[in-house]
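Undergrad: Sharing a structure with you now.
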Amino acid sequence: MTTLDHKIDFAVVFSVKNANPNGDPLNGNRPRQNYDGFGEVSDVCIKRKLRNRLQDMGEAIFVQSNDRNNDGFKSLNDRADAIPELKKIKADKKGNADVYASIASQTWFDVRAFGQVFAFKGDSLSVGVRGPVSIHTAMSLAPIDITSIQITKSVNSVTGDKKGSDTMGMKHRVDFGIYKFFGSINTQLAEKTGFTNTDAEKLKEALISLFENDASSARPEGSLEVHKVIWWEHNSKLGQYSSAKVHRSLHVEGQSLSDLTISVEPLEGLEVYELDGK
């Protein structure tokens with residue numbers, strides 16, 4: 001497999017209807033908003049969904065969520081130590097951090113793509129891997145309206161619980177919003193982690209199907225939908241244009257799906273692909 005030899009930029013446009021795309025734990029799990037009322041979905045949340053999709057596609061993932069654990073390890077430390085070469089390097093007080101990073105990148109897709117810090121309690125060796133794939137926070141095109149509803153539980157959790165079965169709680173949702181986010185793949189960092197052209201294609205596929213197999217009570221099936229993935233491929237390692245200029249060439253307008261328009265301003269010599277979401 002060939003290491004990625006040209007810069008890539010990408011963008012994703014998606015909609016949210018009657019769902020909570022990313023709750024804020026510091027604000028009662030309400031959907032994230034900035035001070036101007038625009039909706040946000042954190043880059044960490046997007047990477048979590050990408051990891052889940054890549055795991056569904058059969059890729060080895062280092063940072064697995066507990067409900068998607070497929071190898072039985074209960075911690076990141078245990079998962080790393082299960083690789084004999086990594087455990088041996090860590091046991092050596094003069095272990096080679098570069099070799100550790102290389103083996104970890106070859107083993108797990110998300111380390112190869114997003115990077116990872118390997119620093120566990122009691123370890124003398126600390127290894128940082130910078131990944132080539134960077135992702136921005138998703139922002140809504142317009143301020144979002146949030147509806148909050150009060151809910152109650154209909155049964156006691158434990159016999160003799162002093163709390164009644166009418167204990168109150170809250171549930172929040174975005175009525176409707178159109179969001180977009182950007183990302184890039186850096187070739188210099190791709191060379192260091194071994195991120196390949198094939199990996200880039202798999203990432204593209206994961207973006208197209210970002211919300212498949214992602215349903216929950218806060219995000220019912222069909223409530224989040226990818227409408228378009230824009231994929232720019234430069235002809236060199238550094239790229240013909242800055243990522244900022246490439247990202248500005250995307251124009252997304254509309255307050256509903258019926259008037260949603262997505263257009264890309266051509267940039268000379270830059271290949272662009274517009275892909276429909278699944």
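In the structure tokens, chains take letters A, B, ... by order of appearance, with residues numbered from 1 within each chain and ligands from 1 in the order shown.
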Identify, on the basis of only C-alpha atoms, every residue whose closest approach to A:Ser249 does not exceed 8 Å; exclude the query and any residue fewer than 4 positions from it along the same chain; express the result as a list in words.
TA: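 Residues near the query, excluding close chain neighbours: Lys245, Val264, Glu265, Pro266 and Leu267 of chain A.
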Undergrad: Could you go through stretch 3-176 of chain A and tell me which residues DSSP, when run on the backbone, assigns to helix (DSSP H, G or I), listing them as a PyMOL selection string?
TA: chain A and resi 25-27+43-56+66-68+76-81+84-91+97-107+109-114
Undergrad: Those residues you just picked out, can you put them in a file as a compact mmCIF listing (two decimals), in the first residue's frame with N, CA and C atoms?
TA:
```txt
# COMPACT_ATOMS: atom_id res chain seq x y z
N PRO A 25 -22.28 17.86 28.58
CA PRO A 25 -22.44 17.36 29.95
C PRO A 25 -22.37 18.46 31.01
N LEU A 26 -21.81 19.61 30.66
CA LEU A 26 -21.74 20.72 31.61
C LEU A 26 -22.98 21.61 31.55
N ASN A 27 -23.91 21.27 30.68
CA ASN A 27 -25.14 22.05 30.53
C ASN A 27 -26.37 21.15 30.47
N ASP A 43 -15.38 18.14 17.47
CA ASP A 43 -14.52 17.28 16.67
C ASP A 43 -14.33 15.93 17.33
N VAL A 44 -14.31 15.91 18.67
CA VAL A 44 -14.16 14.64 19.41
C VAL A 44 -15.35 13.72 19.13
N CYS A 45 -16.56 14.30 19.11
CA CYS A 45 -17.77 13.53 18.80
C CYS A 45 -17.71 12.96 17.39
N ILE A 46 -17.27 13.78 16.44
CA ILE A 46 -17.19 13.32 15.05
C ILE A 46 -16.17 12.19 14.91
N LYS A 47 -15.03 12.34 15.58
CA LYS A 47 -14.02 11.28 15.53
C LYS A 47 -14.53 9.99 16.16
N ARG A 48 -15.35 10.11 17.21
CA ARG A 48 -15.93 8.92 17.83
C ARG A 48 -16.81 8.18 16.82
N LYS A 49 -17.62 8.93 16.09
CA LYS A 49 -18.49 8.31 15.09
C LYS A 49 -17.67 7.69 13.97
N LEU A 50 -16.59 8.35 13.58
CA LEU A 50 -15.73 7.79 12.54
C LEU A 50 -15.06 6.51 13.02
N ARG A 51 -14.60 6.51 14.26
CA ARG A 51 -14.01 5.28 14.81
C ARG A 51 -15.03 4.14 14.78
N ASN A 52 -16.27 4.45 15.16
CA ASN A 52 -17.32 3.42 15.17
C ASN A 52 -17.58 2.88 13.76
N ARG A 53 -17.65 3.79 12.79
CA ARG A 53 -17.91 3.35 11.43
C ARG A 53 -16.74 2.50 10.91
N LEU A 54 -15.52 2.94 11.17
CA LEU A 54 -14.35 2.19 10.71
C LEU A 54 -14.28 0.83 11.38
N GLN A 55 -14.68 0.78 12.65
CA GLN A 55 -14.72 -0.50 13.36
C GLN A 55 -15.75 -1.41 12.72
N ASP A 56 -16.91 -0.85 12.33
CA ASP A 56 -17.93 -1.63 11.63
C ASP A 56 -17.41 -2.15 10.29
N ASN A 66 -16.86 1.59 25.31
CA ASN A 66 -17.17 0.37 26.08
C ASN A 66 -18.27 -0.46 25.44
N ASP A 67 -19.27 0.21 24.86
CA ASP A 67 -20.39 -0.55 24.28
C ASP A 67 -20.04 -1.16 22.92
N ARG A 68 -18.84 -0.85 22.39
CA ARG A 68 -18.42 -1.41 21.12
C ARG A 68 -17.13 -2.21 21.25
N LEU A 76 -7.19 1.14 27.74
CA LEU A 76 -6.24 1.38 26.66
C LEU A 76 -4.88 0.78 26.97
N ASN A 77 -4.51 0.81 28.24
CA ASN A 77 -3.23 0.24 28.66
C ASN A 77 -3.19 -1.26 28.37
N ASP A 78 -4.27 -1.95 28.72
CA ASP A 78 -4.33 -3.40 28.46
C ASP A 78 -4.26 -3.69 26.96
N ARG A 79 -4.93 -2.85 26.18
CA ARG A 79 -4.95 -3.08 24.73
C ARG A 79 -3.55 -2.88 24.14
N ALA A 80 -2.86 -1.86 24.61
CA ALA A 80 -1.51 -1.62 24.11
C ALA A 80 -0.55 -2.72 24.54
N ASP A 81 -0.67 -3.15 25.79
CA ASP A 81 0.25 -4.17 26.31
C ASP A 81 -0.01 -5.55 25.69
N PRO A 84 2.93 -7.68 21.96
CA PRO A 84 4.20 -8.02 22.62
C PRO A 84 5.32 -7.02 22.36
N GLU A 85 5.45 -6.54 21.12
CA GLU A 85 6.53 -5.60 20.80
C GLU A 85 6.39 -4.30 21.58
N LEU A 86 5.15 -3.82 21.74
CA LEU A 86 4.93 -2.58 22.47
C LEU A 86 5.22 -2.77 23.96
N LYS A 87 4.80 -3.90 24.50
CA LYS A 87 5.04 -4.16 25.91
C LYS A 87 6.53 -4.28 26.20
N LYS A 88 7.27 -4.88 25.27
CA LYS A 88 8.71 -5.04 25.45
C LYS A 88 9.41 -3.68 25.43
N ILE A 89 9.01 -2.82 24.49
CA ILE A 89 9.63 -1.49 24.40
C ILE A 89 9.33 -0.68 25.66
N LYS A 90 8.11 -0.77 26.15
CA LYS A 90 7.71 -0.01 27.33
C LYS A 90 8.46 -0.48 28.57
N ALA A 91 8.75 -1.78 28.64
CA ALA A 91 9.45 -2.33 29.81
C ALA A 91 10.90 -1.87 29.86
N ALA A 97 10.96 5.39 21.53
CA ALA A 97 9.61 5.94 21.37
C ALA A 97 9.19 5.94 19.90
N ASP A 98 10.14 6.17 18.98
CA ASP A 98 9.80 6.20 17.56
C ASP A 98 9.35 4.84 17.06
N VAL A 99 10.02 3.79 17.52
CA VAL A 99 9.63 2.44 17.13
C VAL A 99 8.25 2.11 17.70
N TYR A 100 8.02 2.51 18.96
CA TYR A 100 6.72 2.29 19.61
C TYR A 100 5.62 2.97 18.78
N ALA A 101 5.86 4.23 18.40
CA ALA A 101 4.86 4.97 17.62
C ALA A 101 4.60 4.31 16.28
N SER A 102 5.66 3.81 15.64
CA SER A 102 5.52 3.18 14.34
C SER A 102 4.69 1.91 14.41
N ILE A 103 4.95 1.07 15.43
CA ILE A 103 4.20 -0.19 15.58
C ILE A 103 2.74 0.11 15.90
N ALA A 104 2.50 1.08 16.79
CA ALA A 104 1.13 1.43 17.15
C ALA A 104 0.37 1.96 15.94
N SER A 105 1.02 2.75 15.12
CA SER A 105 0.37 3.30 13.92
C SER A 105 0.03 2.20 12.93
N GLN A 106 0.92 1.22 12.79
CA GLN A 106 0.65 0.11 11.88
C GLN A 106 -0.49 -0.77 12.38
N THR A 107 -0.65 -0.82 13.71
CA THR A 107 -1.62 -1.75 14.31
C THR A 107 -3.04 -1.21 14.29
N PHE A 109 -5.94 1.75 13.10
CA PHE A 109 -6.29 2.76 12.10
C PHE A 109 -6.41 4.14 12.74
N ASP A 110 -7.07 4.24 13.89
CA ASP A 110 -7.30 5.57 14.47
C ASP A 110 -6.01 6.21 14.96
N VAL A 111 -5.04 5.41 15.38
CA VAL A 111 -3.73 5.97 15.74
C VAL A 111 -3.04 6.50 14.49
N ARG A 112 -3.13 5.73 13.43
CA ARG A 112 -2.52 6.11 12.14
C ARG A 112 -3.17 7.38 11.57
N ALA A 113 -4.46 7.56 11.85
CA ALA A 113 -5.20 8.69 11.28
C ALA A 113 -5.22 9.91 12.19
N PHE A 114 -5.63 9.72 13.45
CA PHE A 114 -5.87 10.85 14.35
C PHE A 114 -4.75 11.09 15.35
```
Undergrad: I'd like the contact shell of A:Ile230 - 12 Å cut-off, only C-alpha atoms, skipping same-chain residues fewer than 3 positions apart - returned as a VMD selection string.
TA: chain A and resid 8 to 14 180 to 184 204 to 205 207 to 208 226 to 227 233 246 to 247 249 to 252 262 to 265 271 to 277
Undergrad: Between A:Gly194, A:Glu201, A:Glu268, A:Ile185, which one has atoms that come closest to A:Lys7, using only C-alpha atoms?
TA: A:Ile185
Undergrad: Considering only strand (DSSP E) as DSSP defines it on the backbone, what residues of stretch 28-224 of chain A qualify? List them as an NGL selection string.
TA: :A and (30-31 or 38-41 or 115-118 or 127-130 or 133-135 or 138-143 or 146-152 or 168-185 or 224)
Undergrad: Output N, CA and C atoms of each residue in that selection to a file, as a short mmCIF file (atom, residue, chain, number, x, y, z; two decimals), in the first residue's frame.
TA:
```cif
data_model
loop_
_atom_site.label_atom_id
_atom_site.label_comp_id
_atom_site.auth_asym_id
_atom_site.auth_seq_id
_atom_site.Cartn_x
_atom_site.Cartn_y
_atom_site.Cartn_z
N ARG A 30 -27.78 19.37 27.20
CA ARG A 30 -28.42 20.08 26.10
C ARG A 30 -27.52 20.06 24.87
N PRO A 31 -28.12 20.10 23.67
CA PRO A 31 -27.29 20.17 22.46
C PRO A 31 -26.34 21.36 22.53
N PHE A 38 -25.68 29.33 17.57
CA PHE A 38 -25.43 28.36 16.51
C PHE A 38 -25.10 27.00 17.12
N GLY A 39 -25.59 25.94 16.50
CA GLY A 39 -25.34 24.60 17.00
C GLY A 39 -23.93 24.15 16.72
N GLU A 40 -23.40 23.30 17.61
CA GLU A 40 -22.06 22.77 17.45
C GLU A 40 -22.07 21.26 17.67
N VAL A 41 -21.20 20.58 16.98
CA VAL A 41 -20.88 19.17 17.24
C VAL A 41 -19.37 19.11 17.32
N GLY A 115 -3.84 10.11 15.47
CA GLY A 115 -2.80 10.23 16.47
C GLY A 115 -3.27 9.72 17.83
N GLN A 116 -2.36 9.69 18.80
CA GLN A 116 -2.69 9.18 20.14
C GLN A 116 -1.54 9.47 21.09
N VAL A 117 -1.87 9.72 22.34
CA VAL A 117 -0.86 9.85 23.38
C VAL A 117 -0.84 8.55 24.19
N PHE A 118 0.30 7.89 24.23
CA PHE A 118 0.48 6.67 25.00
C PHE A 118 1.25 7.05 26.27
N VAL A 127 4.73 8.29 24.88
CA VAL A 127 4.86 8.39 23.42
C VAL A 127 3.68 9.19 22.87
N GLY A 128 3.97 10.18 22.07
CA GLY A 128 2.94 10.96 21.41
C GLY A 128 2.99 10.75 19.90
N VAL A 129 1.85 10.46 19.31
CA VAL A 129 1.76 10.28 17.87
C VAL A 129 0.86 11.37 17.30
N ARG A 130 1.38 12.15 16.37
CA ARG A 130 0.57 13.17 15.70
C ARG A 130 -0.02 12.57 14.43
N VAL A 133 -4.86 13.33 10.04
CA VAL A 133 -6.25 13.74 9.80
C VAL A 133 -6.70 14.71 10.88
N SER A 134 -7.02 15.93 10.46
CA SER A 134 -7.56 16.93 11.39
C SER A 134 -9.00 17.23 11.03
N ILE A 135 -9.84 17.42 12.04
CA ILE A 135 -11.27 17.66 11.83
C ILE A 135 -11.71 18.86 12.65
N ALA A 138 -18.16 20.88 13.94
CA ALA A 138 -19.27 21.14 13.02
C ALA A 138 -20.09 22.30 13.56
N MET A 139 -20.51 23.20 12.67
CA MET A 139 -21.32 24.36 13.04
C MET A 139 -22.59 24.39 12.19
N SER A 140 -23.69 24.82 12.81
CA SER A 140 -24.94 24.93 12.06
C SER A 140 -24.92 26.19 11.20
N LEU A 141 -25.68 26.19 10.13
CA LEU A 141 -25.73 27.35 9.24
C LEU A 141 -26.45 28.52 9.88
N ALA A 142 -27.37 28.23 10.79
CA ALA A 142 -28.18 29.26 11.44
C ALA A 142 -28.35 28.88 12.91
N PRO A 143 -28.73 29.84 13.75
CA PRO A 143 -29.02 29.49 15.15
C PRO A 143 -30.08 28.40 15.23
N ILE A 146 -33.94 24.72 20.35
CA ILE A 146 -33.86 23.51 21.18
C ILE A 146 -35.15 23.34 21.95
N THR A 147 -35.75 22.17 21.85
CA THR A 147 -36.95 21.84 22.61
C THR A 147 -36.56 20.93 23.76
N SER A 148 -37.03 21.26 24.95
CA SER A 148 -36.77 20.44 26.13
C SER A 148 -38.08 19.90 26.65
N ILE A 149 -38.08 18.62 26.95
CA ILE A 149 -39.29 17.99 27.48
C ILE A 149 -38.96 17.31 28.80
N GLN A 150 -39.94 17.29 29.70
CA GLN A 150 -39.74 16.63 30.98
C GLN A 150 -40.18 15.18 30.88
N ILE A 151 -39.40 14.29 31.44
CA ILE A 151 -39.73 12.87 31.40
C ILE A 151 -39.74 12.32 32.82
N THR A 152 -40.44 11.20 33.01
CA THR A 152 -40.48 10.52 34.31
C THR A 152 -40.19 9.06 34.10
N MET A 168 -38.49 13.00 38.15
CA MET A 168 -38.45 13.79 36.92
C MET A 168 -37.06 13.81 36.29
N GLY A 169 -37.04 14.00 34.99
CA GLY A 169 -35.81 14.20 34.25
C GLY A 169 -36.08 15.08 33.05
N MET A 170 -35.04 15.41 32.29
CA MET A 170 -35.20 16.27 31.11
C MET A 170 -34.55 15.62 29.89
N LYS A 171 -35.16 15.89 28.76
CA LYS A 171 -34.62 15.42 27.49
C LYS A 171 -34.67 16.58 26.50
N HIS A 172 -33.60 16.72 25.72
CA HIS A 172 -33.48 17.88 24.84
C HIS A 172 -33.24 17.43 23.40
N ARG A 173 -33.72 18.26 22.47
CA ARG A 173 -33.50 17.93 21.06
C ARG A 173 -33.39 19.21 20.23
N VAL A 174 -32.66 19.11 19.13
CA VAL A 174 -32.62 20.17 18.12
C VAL A 174 -33.81 19.94 17.19
N ASP A 175 -34.67 20.94 17.05
CA ASP A 175 -35.84 20.77 16.17
C ASP A 175 -35.41 20.52 14.74
N PHE A 176 -34.53 21.36 14.22
CA PHE A 176 -33.97 21.14 12.89
C PHE A 176 -32.73 22.01 12.73
N GLY A 177 -31.72 21.46 12.08
CA GLY A 177 -30.53 22.24 11.80
C GLY A 177 -29.72 21.61 10.68
N ILE A 178 -29.09 22.45 9.89
CA ILE A 178 -28.15 21.99 8.87
C ILE A 178 -26.76 22.38 9.32
N TYR A 179 -25.87 21.42 9.37
CA TYR A 179 -24.52 21.62 9.89
C TYR A 179 -23.50 21.31 8.79
N LYS A 180 -22.29 21.85 8.97
CA LYS A 180 -21.19 21.48 8.09
C LYS A 180 -19.90 21.46 8.90
N PHE A 181 -18.98 20.62 8.50
CA PHE A 181 -17.64 20.63 9.10
C PHE A 181 -16.61 20.33 8.04
N PHE A 182 -15.38 20.73 8.34
CA PHE A 182 -14.27 20.57 7.41
C PHE A 182 -13.19 19.69 8.02
N GLY A 183 -12.32 19.21 7.16
CA GLY A 183 -11.17 18.43 7.61
C GLY A 183 -10.09 18.42 6.56
N SER A 184 -8.91 17.96 6.95
CA SER A 184 -7.78 17.89 6.04
C SER A 184 -6.91 16.69 6.38
N ILE A 185 -6.12 16.26 5.40
CA ILE A 185 -5.15 15.18 5.62
C ILE A 185 -3.78 15.70 5.21
N LEU A 224 -30.41 11.97 11.89
CA LEU A 224 -29.20 12.62 11.40
C LEU A 224 -28.88 12.04 10.03
#
```
Undergrad: What is the distance, in Å and to one decimal place, between atom CA of A:Ser256 and atom CA of A:Ala244?
TA: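 The value is 26.5 Å.
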Undergrad: May I ask for the distance between atom CA of A:Arg248 and atom CA of A:Ala19, given in Å to one decimal place?
TA: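 Distance reported for this atom pair: 28.3 Å.
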Undergrad: Could you give me, as a list in words, the residues within 8 Å of A:Gly239, counting only C-alpha atoms and dropping anything in the same chain fewer than 3 positions from it?
TA: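 Residues near the query, excluding close chain neighbours: His6, Lys7, Ile8, His234, Asn235, Ser236 and Ser242 of chain A.
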Undergrad: So the first atom is atom CA of A:Leu189 and the second is atom CA of A:Asp123; what is the distance between them in Å, to one decimal place?
TA: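 The value is 25.7 Å.
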Undergrad: For A:Ala200, which residue among A:Leu4, A:Leu270, A:Leu260, A:Leu125 is the nearest when counting only C-alpha atoms?
TA: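 Smallest distance to A:Ala200 is found for A:Leu4.
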